[in-house]
Structures are given as structure tokens and as C-alpha cells.
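Before any comments, here is the structure.
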Amino acid sequence: MIIKKIAFALLLGALGTTAQAAEEFQVEDIEVKGLQRVALGAALTHIPFNVGDKLNQFRISQSIKALYKSGHFNDIRVYRDGNRIIYRVRERETISEITFEGNSDLKDEQLTESLDGSNIRVGETLDRTVISGIEMGLEDFYHSVGKYNADVTTTITHLPRNRVNLEFKFTEGDAAAIKQINIIGNEVFTDAQVLDKIELTFDSPWWDFMSQDRYQKQTLQGDMETINSYYLDRGYLRFKVDSTQVSMTPDKQSVYIALNVTEGETYTISEVDFIGDMAGFDKTIRAINPLQVDSLYNGAEVTYTEEVISKFLGRFGYAYPKVTTIPDINDDDHTVKLSISIDPGKRIYVNKVNFSGNNVTADRVLRREMRQMEGAWLSNSLVEHSKARLSRLPYMETVEFETKQISGEEDLVDVDFTVKEQASGSFTAGVGYGDSTNLSLNAGIQQNNFLGTGNRLGFSINTNTYSKSASVSYTDPYFTVDGVSLGGQIFYQAFDAGSANLEDYNNKTYGVGLNWGFPINEYIRLGFGVGFKHNEITSLETYEQIQTFYDLHSDPNNPGTLTPFRNYDVSASISRSTLNRGTFPTAGSQQSLSFKMTTPNTSDVQYFKINLDTKFYFPLTRNQRWTVLTRLQLGYGNGYGDVNGNDQLLPFWENFRAGGSDTLRGFENNTVGPRAVYRFPTQLGGTPNPTGGGACCLGPDHDYIQVSPRSVGGNAIAVGGIELIVPTPFLDESYSNSVRTSFFVDVGNVWDTEFDMADYQDLAPEELAKLDDYSDIGRFRASGGLSIQWLSPMGPMIFNFAKTIKEEEDDDTAFFSFNIGKTF
């Protein structure tokens with residue numbers, strides 16, 4: 001139909017000038033019939049003449065072309081009634097709805113975007129001429145991914161008021177399997193060596209689910225680049241893939257691939273020269289050049305050299321340098337001279353630094369993390385460092401930036417940061433279940449970005465079977481513009497050790513603390529603090545490890561009670577962090593070394609504690625979705641000075657403890673480490689002795705030992721672990737910043753280094769054997785399992801599924817723990 005209309009228009013235009021004069025007439029009226037959606041005025045604007053003009057066949061044919069070009073009409077007919085011109089038109093249908101059926105490789109959003117580029121969208125007129133082209137384009141896509149039996153058909157359903165529905169039906173089928181890949185012309189490297197480097201495979205075992213044995217055109221092109229790079233990196237400068245043949249079986253279910261290659265010879269570098277403008281950094285650029293004369297040509301090293309020089313110039317405002325390597329190949333002696341051409345371009349300056357996406361966080365909070373200043377030259381290293389600092393903020397999920405050229409200014413750009421915030425506040429509640437503690441609950445509120453200021457406010461009230469506590473804390477990370485932080489805390493806790501898998505005692509504590517932080521550089525901070533703590537110990541059941549401490553501090557008027565302790569402490573710490581993110585990091589490391597001690601003379605107990613915590617993240621893949629995490633915690637504490645000639649000891653309530661989600665998953669809270677040891681004399685009944693006793697005791701060598709199943713902690717701890725962070729199954733990559741899945745192994749223990757086995761050598765061997773835990777300082781506990789962490793709309797959730805690997809018979813194990821919180 002379209003061809004007939006065009007032919008009719010051309011025929012009218014071909015009548016020539018001979019008939020033009022005879023056919024001319026003066027138009028008295030113009031009429032357009034068949035209009036529905038298009039207004040008469042709109043149609044007349046496309047007709048290139050008016051009433052009163054003189055017409056001929058040529059001008060009428062031009063009007064037909066103009067009306068078709070408007071895109072509103074499928075059919076146009078022209079009639080002449082005397083001096084009246086009548087256009088009878090049929091409008092194009094309006095698209096009412098577009099649906100897709102059977103598509104899985106292409107998402108609806110992708111198809112809609114593709115159709116939109118061809119002006120096929122709801123509410124627009126339908127141009128039927130582009131439908132077949134769209135169908136062919138979609139089928140070409142499926143052919144490129146190996147689905148040669150794919151078919152795309154379009155169904156047009158007519159509706160009232162000149163409307164239509166479009167339905168695209170897809171029959172995708174399976175991608176053609178690769179039956180064989182042949183490399184033809186290779187002599188230096190075997191087929192197996194070359195094929196091992198590429199992504200496409202064939203003859204894969206059934207259990208290898210990761211193998212790519214389905215043909216895809218893009219993957220093959222990428223594999224050809226990989227093979228080319230493989231040879232170039234080994235000096236084969238003249239290597240090339242001469243041709244590629246992809247043969248399909250008649251049923252279109254399988255393909256055979258053949259690559260014809262020419263390897264050539266290896267080439268060595270005869271000279272490295274620099275040409276162009278090195279912006280005054282001649283010596284430095286020559287010094288950082290890794291290419292060496294007489295070494296084998298390496299394509300990857302050449303590319304790396306170009307990147308190193310570009311990044312170096314980018315640090316000093318040359319944001320768009322052009323660094324290219326020009327090879328001068330000598331085929332006679334198989335050498336190559338490399339000339340590195342450098343054009344630094346203009347030095348670029350930053351006009352403005354802009355932020356978007358920070359709906360809660362104040363602009364100044366983000367701006368204080370900037371290392372790229374406005375008005376200074378653009379430095380790629382400073383911009384990247386600014387991005388890293390923003391990413392480490394605990395209330396940022398993602399951070400991206402873009403440099404935009406200022407219109408009309410060749411040397412000015414804006415740096416636009418786009419951030420995505422995550423919930424900075426949380427209401428947390430913990431739920432756990434263990435062999436002996438049964439159900440435990442806790443709750444707390446934490447706001448890491450209070451009112452968008454970046455300050456941290458915490459208020460928690462925790463109640464469970466062994467502890468009731470409340471605390472309020474506040475920290476301003478930028479108390480001064482130089483990044484000096486100031487924070488404080490007030491706290492209260494009533495602790496029932498017997499309900500926490502520890503030996504019985506009650507401890508009421510309240511105190512206050514202040515801390516300051518000072519940045520040394522971008523990665524290292526120093527911290528200092530002072531504090532006061534008041535402890536009241538009651539209901540204490542003495543055992544061997546604390547007997548000396550009890551004798552020094554017991555209340556003679558109240559057995560089982562210690563005198564209240566008022567201690568003043570000072571602390572110092574140094575920390576270093578190169579983590580790429582504040583939440584769910586995937587690269588970098590974090591270390592912290594802290595020291596705390598109570599002040600002499602003013603404190604009732606003199607002691608110190610040292611802690612070392614370190615974490616390292618090692619990405620295994622370029623996108624960092626597979627990462628190995630290693631962590632280590634070491635701690636030691638003890639007393640210093642003396643009381644009435646007796647050495648001070650670390651208070652037992654300050655002991656290190658292990659077990660639970662923070663240290664050793666798979667073990668219940670506070671269950672790992674030394675047990676309480678009780679020593680009882682053996683008594684014999686008989687005639688009352690002169691002092692009035694009714695029984696007689698045997699000597700110390702007849703004492704017997706009883707070891708409690710409860711842990712008491714110790715003054716030394718070593719806990720470590722390794723985790724493999726993996727992509728969460730069945731979740732899109734976009735969730736990687738809010739869901740983390742990992743497989744872990746935790747190892748560690750707690751020891752009491754002040755426990756002296758020599759004090760018990762007079763015991764009988766069977767009693768001495770009960771102290772086996774103290775005879776092997778190198779003994780460790782271990783567990784392994786699966787951990788899933790989710791920053792959900794309801795709050796942070798942690799699921800741990802753990803099984804102890806190495807345990808003692810009396811260890812308490814917790815195979816599952818779950819925590820949930822409410823973010824805001």
C-alpha cells in the first residue's frame with residue numbers, strides 16, 4: 001500500500017511542465033475528510049498552499065508528501081471537485097498499550113527503552129513500517145547470544161477510537177551449545193594453553209555449572225581480545241587472528257568455532273623514548289617508567305605505563321592527558337623501539353564541588369570530608385580520596401562522582417558527588433538461644449548522623465537474664481575544623497554473672513567518661529580518654545583464682561562482699577583505617593591498639609589493659625564481590641604496684657571473655673576460657689579435738705579439686721578468624737551494599753596467666769588432672785558456619801548458623817543466633 005501511494009505521488013510529479021499550464025487552476029476551497037484525532041488546523045499547516053493559490057499536479061503531489069512526512073497518516077487520497085481540493089485521509093492508530101510475553105533474557109524495561117528510541121511508545125501514533133525492523137533487531141540480538149531458533153512476532157489488536165494494543169511475543173529457545181573450538185596455526189602454545197585463558201568452553205563436565213559452553217558472539221569477541229593480549233604480553237608483537245569461522249549444525253542447536261591465527265616471532269625492546277610535553281616532570285616520568293631496554297615486549301606493561309603516567313599527571317591538574325605508545329618495529333632483528341608520546345593538555349581547575357542525594361545529611365558534613373578544594377587544580381588522587389572518605393561514613397551506602405566541563409570554559413570543571421544514604425539510626429533488639437541461657441533479649445537506640453550533623457548519639461537500655469544497663473553517649477567527630485573529635489558517655493549496669501555463664505557474683509557499676517581524637521594523617525588517629533567508674537561487688541562466691549584478690553579487698557564486716565571500688569582511668573589509642581566503605585567493606589584494612597590504666601594513688605585498684613584489633617580485606621575479584629576477611633584480637637591485662645606488700649591483680653570483672661557473635665560464633669556468650677577452681681580439704685570424723693572441732697582434716701596433699709562448668713574469663717585473650725565473603729544467592733548485585741553472606745571459621749581462647757600450677761603440685765595425680773585446662777596454654781577452641789547480615793528496612797539483621805569444630809565436653813554451644821533492629 002505504501003509503495004502504491006509513493007508511486008502515485010511520483011506519477012503526479014512526473015507529468016512534466018507540458019501539462020502544467022493546462023492543468024493550472026485557482027483553488028477556491030480546501031477540505032480534509034477522515035480526521036479523528038488530528039485537528040483540522042494541524043493538518044492544514046502541512047499543506048503547502050492556501051485558498052487563492054494556483055495549483056497544478058506537481059504542487060498537489062508535494063502536498064501529499066508533506067502530509068505523509070507529518071507522521072499522522074497511513075493513507076492519503078486527493079480529489080478535485082471543480083476548483084475545490086478534497087483530501088481523504090486515514091490516520092495512524094494511537095498506541096494504547098504495549099505488552100511483552102515470553103521474554104526472559106531481555107527485561108521489560110530494556111525492551112521499553114529500545115522501543116522508545118524508535119518512537120514506539122504508549123500515546124504515540126503507530127508507524128507500522130518500523131515494526132518489522134524492530135522484530136529483526138531483536139532476533140539479531142538473540143542470534144548474537146547463540147539462540148538461533150529465537151522468534152519475535154508482533155500482534156496488533158485494533159480498539160475503538162482508532163487505538164491499538166501491541167503485543168510482542170518471544171520464543172527464545174536455548175542457546176546453541178559449543179561442540180568444539182579449534183585453534184589453527186598455533187605452534188608456540190598448545191590448544192589447551194590458549195583455551196584455558198578464554199571464557200567460552202566445550203565438553204564441560206555436568207557438574208561445572210560455571211562453565212560457559214553456550215555460544216555468544218560478544219563473548220567470542222572478548223575471547224579473541226584475550227588471546228591477542230595473551231600473545232602480546234609474551235612478546236608476540238605481530239600476532240593476529242586472521243579469521244573466525246562459526247559453523248552451525250542444521251538443527252541450529254550446536255556450533256563449531258575455528259580461529260585461524262598467525263603467531264609470528266617474539267620482539268624485544270631496543271629503546272624507550274619520550275616525546276611531547278612532559279609538563280616539567282621529565283625526571284619523575286622517566287623514573288616511574290617500568291619499561292626496560294632488552295626486555296621482552298609486554299603489551300600489558302605498555303598499557304600499565306600509559307596509565308601510570310596519566311594518573312601521575314592527573315595528580316597535578318592535567319585531568320585529560322593523552323599518553324600513547326608508538327611502536328617502531330624492526331622485523332629484521334625482531335626488536336621494537338617504543339616512543340611514548342605525552343600531551344598533558346591544559347591544566348584543569350575546579351569551579352564547584354556539588355552534592356546530591358544527601359536528603360538527611362547537611363551539605364557541610366560532606367564538604368568537610370573533601371580533599372579536593374574548589375579553586376584548586378583538579379587532582380584525580382584528591383577526588384578519589386574524597387570519595388573514599390565519604391564512603392567510610394557509616395551513614396553512606398554508595399558514593400559516586402563525575403567531573404563536568406563548564407560550558408565555554410576549557411579549563412574549568414564542576415565535580416559532582418552523588419551519594420546514597422542509608423539508615424543512620426537504629427533501634428536494635430537482639431534475640432538469642434543457647435543450651436543454658438535459653439532466651440535472651442536486648443534493645444538499644446543508636447543515631448550515627450544525629451539531625452544530619454554527622455554527630456553520633458546513643459541511648460541504650462538493655463535487659464536480659466544477666467544484665468540491666470542504660471547508657472547515653474555523644475560524639476562530635478569534628479569538634480574542631482581540623483577533625484579533632486570530642487565525645488562523652490554516662491552509663492549504669494547491674495550485672496548478674498551467674499546468669500551469664502560465669503561464676504556467681506553481682507556487680508553494680510556506674511561511671512562517666514570523656515574522650516578526644518586527633519588525626520595524624522588521612523588514615524591514622526590518636527585517641528585519649530579519662531574516666532571514672534564505681535563498682536559494688538556482692539554475692540561473691542570465692543574460688544581459687546580470685547582468693548588473693550578477695551583477701552586484699554574483702555569487707556570484714558560483710559562476708560561475700562568486697563569494699564566498693566572507685567577507679568579513675570586514663571587511656572590512649574592509635575588506630576589506622578584504609579577501608580573502602582564504612583559499612584560492609586570489601587577492601588582495605590583496619591587496626592587499633594589501645595591502652596588503659598587506672599591512676600595510681602587515686603584509684604582503689606591499680607591495673608592496666610592492652611588491646612589489639614586488626615582486620616584485613618583481600619578482594620578476590622575485580623568487582624570485589626568475592627573477598628577474604630581475616631581478623632585478629634589480642635588482649636592482655638594485669639595489676640601493677642602492690643597493696644600491703646602483695647602484688648595488685650587485674651579485677652576479675654575486668655577479665656577478657658569469649659564466646660558469642662562478637663568473638664567465637666558457635667559458642668554461647670562468655671563460655672570459652674578458664675573455669676572456676678575450688679579446692680576443698682578432706683575431712684575425717686572422730687573424737688573432738690582440744691580446740692573444739694568435731695572433725696580432723698588431712699594434709700593439703702589430700703585436698704580435692706572441683707572445677708565449675710562456668711567460665712570466669714582470664715587476663716589474656718587471642719581470637720581470630722577467616723571469612724569468605726560471597727555473593728548472596730538469588731539476589732541482584734544491587735543488594736550487595738545491604739546484604740552480606742559469608743562462610744567463616746573462628747578460632748580463639750582465653751587464659752589466666754597468673755594461675756600457677758606449681759601451687760597444686762602437692763595434689764594427688766587424679767586431682768591434678770582436673771586442672772588440665774591450665775596446663776596447656778596453646779589450647780584453642782574453634783567453630784565454623786554461615787553468617788548472613790542484612791540492613792533491612794526493619795533494621796540490621798544478623799543470622800549466624802554455626803557449629804563448633806573443636807570444643808571440650810563441658811562447652812556450651814549455640815548453633816543459631818539472630819539479631820534484628822529497627823532503622824530510622
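In the C-alpha cells, the first chain shown is A, the next is B, and so on; residue numbers restart at 1 for each chain, and ligands run from 1 in the order shown.
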Would you tabulate, counting only C-alpha atoms, all residues of stretch 162-216 of chain A that have an atom at most 10 Å from an atom of stretch 134-154 of chain A, showing the closest pair of atoms and their distance in Å to one decimal, sorted by chain then ascending number, as a tab-separated table?
```
residue	atom	partner	partner_atom	distance
A:Leu166	CA	A:Thr154	CA	6.8
A:Glu167	CA	A:Thr154	CA	5.7
A:Phe168	CA	A:Thr154	CA	4.6
A:Lys169	CA	A:Thr153	CA	5.3
A:Phe170	CA	A:Val152	CA	4.8
A:Thr171	CA	A:Asp151	CA	5.1
A:Glu172	CA	A:Ala150	CA	4.4
A:Gly173	CA	A:Ala150	CA	5.8
A:Asp174	CA	A:Lys147	CA	5.8
A:Ala175	CA	A:Lys147	CA	4.2
A:Ala176	CA	A:Gly146	CA	5.1
A:Ala177	CA	A:Gly146	CA	8.0
A:Ile178	CA	A:Gly146	CA	9.4
A:Arg214	CA	A:Gly146	CA	6.9
A:Tyr215	CA	A:Gly146	CA	4.8
A:Gln216	CA	A:Val145	CA	4.0
```
Take the residues from that selection and put them in a file with N, CA, C and O atoms, as a compact mmCIF listing (two decimals), in the first residue's frame.
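Output below, filename part.txt:
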```txt
# COMPACT_ATOMS: atom_id res chain seq x y z
N LEU A 166 -0.27 -3.28 21.24
CA LEU A 166 0.85 -4.01 20.65
C LEU A 166 1.29 -5.10 21.63
O LEU A 166 1.53 -4.82 22.81
N GLU A 167 1.39 -6.31 21.14
CA GLU A 167 1.90 -7.41 21.96
C GLU A 167 3.07 -8.06 21.24
O GLU A 167 2.93 -8.55 20.12
N PHE A 168 4.24 -8.03 21.89
CA PHE A 168 5.43 -8.67 21.35
C PHE A 168 5.57 -10.04 21.99
O PHE A 168 5.70 -10.15 23.22
N LYS A 169 5.53 -11.08 21.17
CA LYS A 169 5.64 -12.45 21.66
C LYS A 169 7.02 -13.00 21.33
O LYS A 169 7.46 -12.94 20.18
N PHE A 170 7.69 -13.53 22.36
CA PHE A 170 9.06 -14.02 22.21
C PHE A 170 9.08 -15.54 22.36
O PHE A 170 8.49 -16.10 23.29
N THR A 171 9.76 -16.18 21.45
CA THR A 171 10.10 -17.60 21.59
C THR A 171 11.62 -17.66 21.60
O THR A 171 12.27 -17.58 20.54
N GLU A 172 12.21 -17.73 22.80
CA GLU A 172 13.66 -17.57 22.92
C GLU A 172 14.41 -18.86 22.62
O GLU A 172 15.40 -18.87 21.91
N GLY A 173 13.97 -19.96 23.19
CA GLY A 173 14.69 -21.22 23.00
C GLY A 173 16.00 -21.23 23.76
O GLY A 173 16.31 -20.33 24.55
N ASP A 174 16.80 -22.25 23.54
CA ASP A 174 18.10 -22.41 24.21
C ASP A 174 19.22 -21.95 23.30
O ASP A 174 19.13 -22.03 22.07
N ALA A 175 20.27 -21.47 23.94
CA ALA A 175 21.47 -21.07 23.17
C ALA A 175 22.14 -22.30 22.60
O ALA A 175 22.14 -23.38 23.21
N ALA A 176 22.72 -22.13 21.44
CA ALA A 176 23.42 -23.24 20.79
C ALA A 176 24.63 -23.65 21.61
O ALA A 176 25.40 -22.79 22.09
N ALA A 177 24.80 -24.95 21.80
CA ALA A 177 25.93 -25.47 22.56
C ALA A 177 27.18 -25.50 21.68
O ALA A 177 27.11 -25.75 20.48
N ILE A 178 28.33 -25.21 22.28
CA ILE A 178 29.59 -25.25 21.55
C ILE A 178 30.10 -26.69 21.56
O ILE A 178 30.39 -27.26 22.63
N ARG A 214 27.84 -22.23 26.10
CA ARG A 214 26.81 -21.77 25.18
C ARG A 214 27.37 -20.60 24.37
O ARG A 214 27.98 -19.68 24.91
N TYR A 215 27.14 -20.64 23.08
CA TYR A 215 27.76 -19.65 22.20
C TYR A 215 27.14 -18.27 22.39
O TYR A 215 25.92 -18.12 22.47
N GLN A 216 28.03 -17.27 22.47
CA GLN A 216 27.62 -15.87 22.48
C GLN A 216 28.63 -15.08 21.67
O GLN A 216 29.84 -15.18 21.89
```
message: List the spatial neighbours of stretch 782-784 of chain A as a PyMOL selection string - criterion: any atom at most 6 Å away, only C-alpha atoms, same-chain residues fewer than 2 positions off excluded.
response: chain A and resi 666+744-747+802-806
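Comparing the minimum interatomic distances between A:Ile98 and each of A:Ala192, A:Leu126, A:Leu771, A:Leu786, counting only C-alpha atoms, we find that A:Leu126 sits nearest.
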field: Who sits within 10 Å of A:Val726, only C-alpha atoms, same chain under 5 positions skipped, as a list in words
entry: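 The filter keeps Gln624, Arg625, Trp626, Thr627, Val628, Ser736, Arg740, Thr741, Ser742 and Phe743 of chain A.
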Limited to C-alpha atoms, could you put the picked residues into a file as a PDB file, in the first residue's frame?
```pdb
ATOM      1  CA  GLN A 624      35.077  -7.261  44.966  1.00  0.00           C
ATOM      2  CA  ARG A 625      32.001  -9.469  45.372  1.00  0.00           C
ATOM      3  CA  TRP A 626      34.307 -12.309  46.465  1.00  0.00           C
ATOM      4  CA  THR A 627      36.502 -11.183  49.352  1.00  0.00           C
ATOM      5  CA  VAL A 628      38.532 -12.853  52.094  1.00  0.00           C
ATOM      6  CA  SER A 736      25.494  -6.154  47.787  1.00  0.00           C
ATOM      7  CA  ARG A 740      26.289  -9.783  53.131  1.00  0.00           C
ATOM      8  CA  THR A 741      26.767 -13.544  53.143  1.00  0.00           C
ATOM      9  CA  SER A 742      29.937 -15.225  54.370  1.00  0.00           C
ATOM     10  CA  PHE A 743      31.357 -18.564  55.433  1.00  0.00           C
TER      11      PHE A 743
END
```
- request: Determine, counting only C-alpha atoms, which protein, DNA and RNA residues have an atom within 9 Å of an atom of A:Phe417; residues of the same chain fewer than 6 positions away are not included. Present the result as a PyMOL selection string.
  value: chain A and resi 353-357+387+399-403
message: With only C-alpha atoms as the counted atoms, please give the residues lying no more than 8 Å from A:Ala494, apart from itself and same-chain residues fewer than 5 positions off, as a VMD selection string.
response: chain A and resid 467 to 469 506 to 509
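Closest approach to A:Leu451 among A:Thr682, A:Ser386, A:Thr602, A:Asn359: A:Asn359, based on only C-alpha atoms.
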message: Taking only stretch 246-408 of chain A into account, list the residues labelled helix (DSSP H, G or I) by DSSP (computed from the backbone), as a PyMOL selection string.
response: chain A and resi 282-288+299-314+363-367+380-391
- request: Point out the residue among A:Asp203, A:Glu541, A:Glu263, A:Glu409 with the least atom-to-atom distance to A:Ile227, counting only C-alpha atoms.
  value: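 Looking only at the distances to A:Ile227, the closest residue turns out to be A:Glu263.
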message: Could you list, as a list in words, every residue within 9 Å of stretch 383-385 of chain A, counting only C-alpha atoms and ignoring same-chain residues fewer than 3 positions away?
response: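 Near neighbours after the sequence-gap exclusion: Met370, Arg371, Gln372, Leu378, Ser379, Asn380, Ala388, Arg389, Leu390, Phe401, Val415 and Glu522 of chain A.
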Can those selected residues be exported to a file as a PDB file, in the first residue's frame so that it contains C-alpha atoms?
```
ATOM      1  CA  MET A 370      36.634  16.867  50.854  1.00  0.00           C
ATOM      2  CA  ARG A 371      40.306  16.844  49.987  1.00  0.00           C
ATOM      3  CA  GLN A 372      39.663  18.330  46.543  1.00  0.00           C
ATOM      4  CA  LEU A 378      41.744  19.091  39.622  1.00  0.00           C
ATOM      5  CA  SER A 379      43.662  16.186  41.165  1.00  0.00           C
ATOM      6  CA  ASN A 380      42.398  12.685  40.454  1.00  0.00           C
ATOM      7  CA  ALA A 388      36.938   7.180  49.955  1.00  0.00           C
ATOM      8  CA  ARG A 389      36.396   9.415  52.992  1.00  0.00           C
ATOM      9  CA  LEU A 390      32.710   9.827  52.164  1.00  0.00           C
ATOM     10  CA  PHE A 401      31.388  11.322  41.359  1.00  0.00           C
ATOM     11  CA  VAL A 415      32.940  17.904  40.485  1.00  0.00           C
ATOM     12  CA  GLU A 522      44.315  10.695  56.426  1.00  0.00           C
TER      13      GLU A 522
END
```
field: Using only C-alpha atoms: which of A:Ser310, A:Tyr478, A:Tyr704, A:Asn655 has the shortest distance to A:Asn289
entry: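 For A:Asn289, the nearest of the candidates is A:Ser310.
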- line: atom CA of A:Tyr230 to atom CA of A:Ser254 measures 27.5 Å
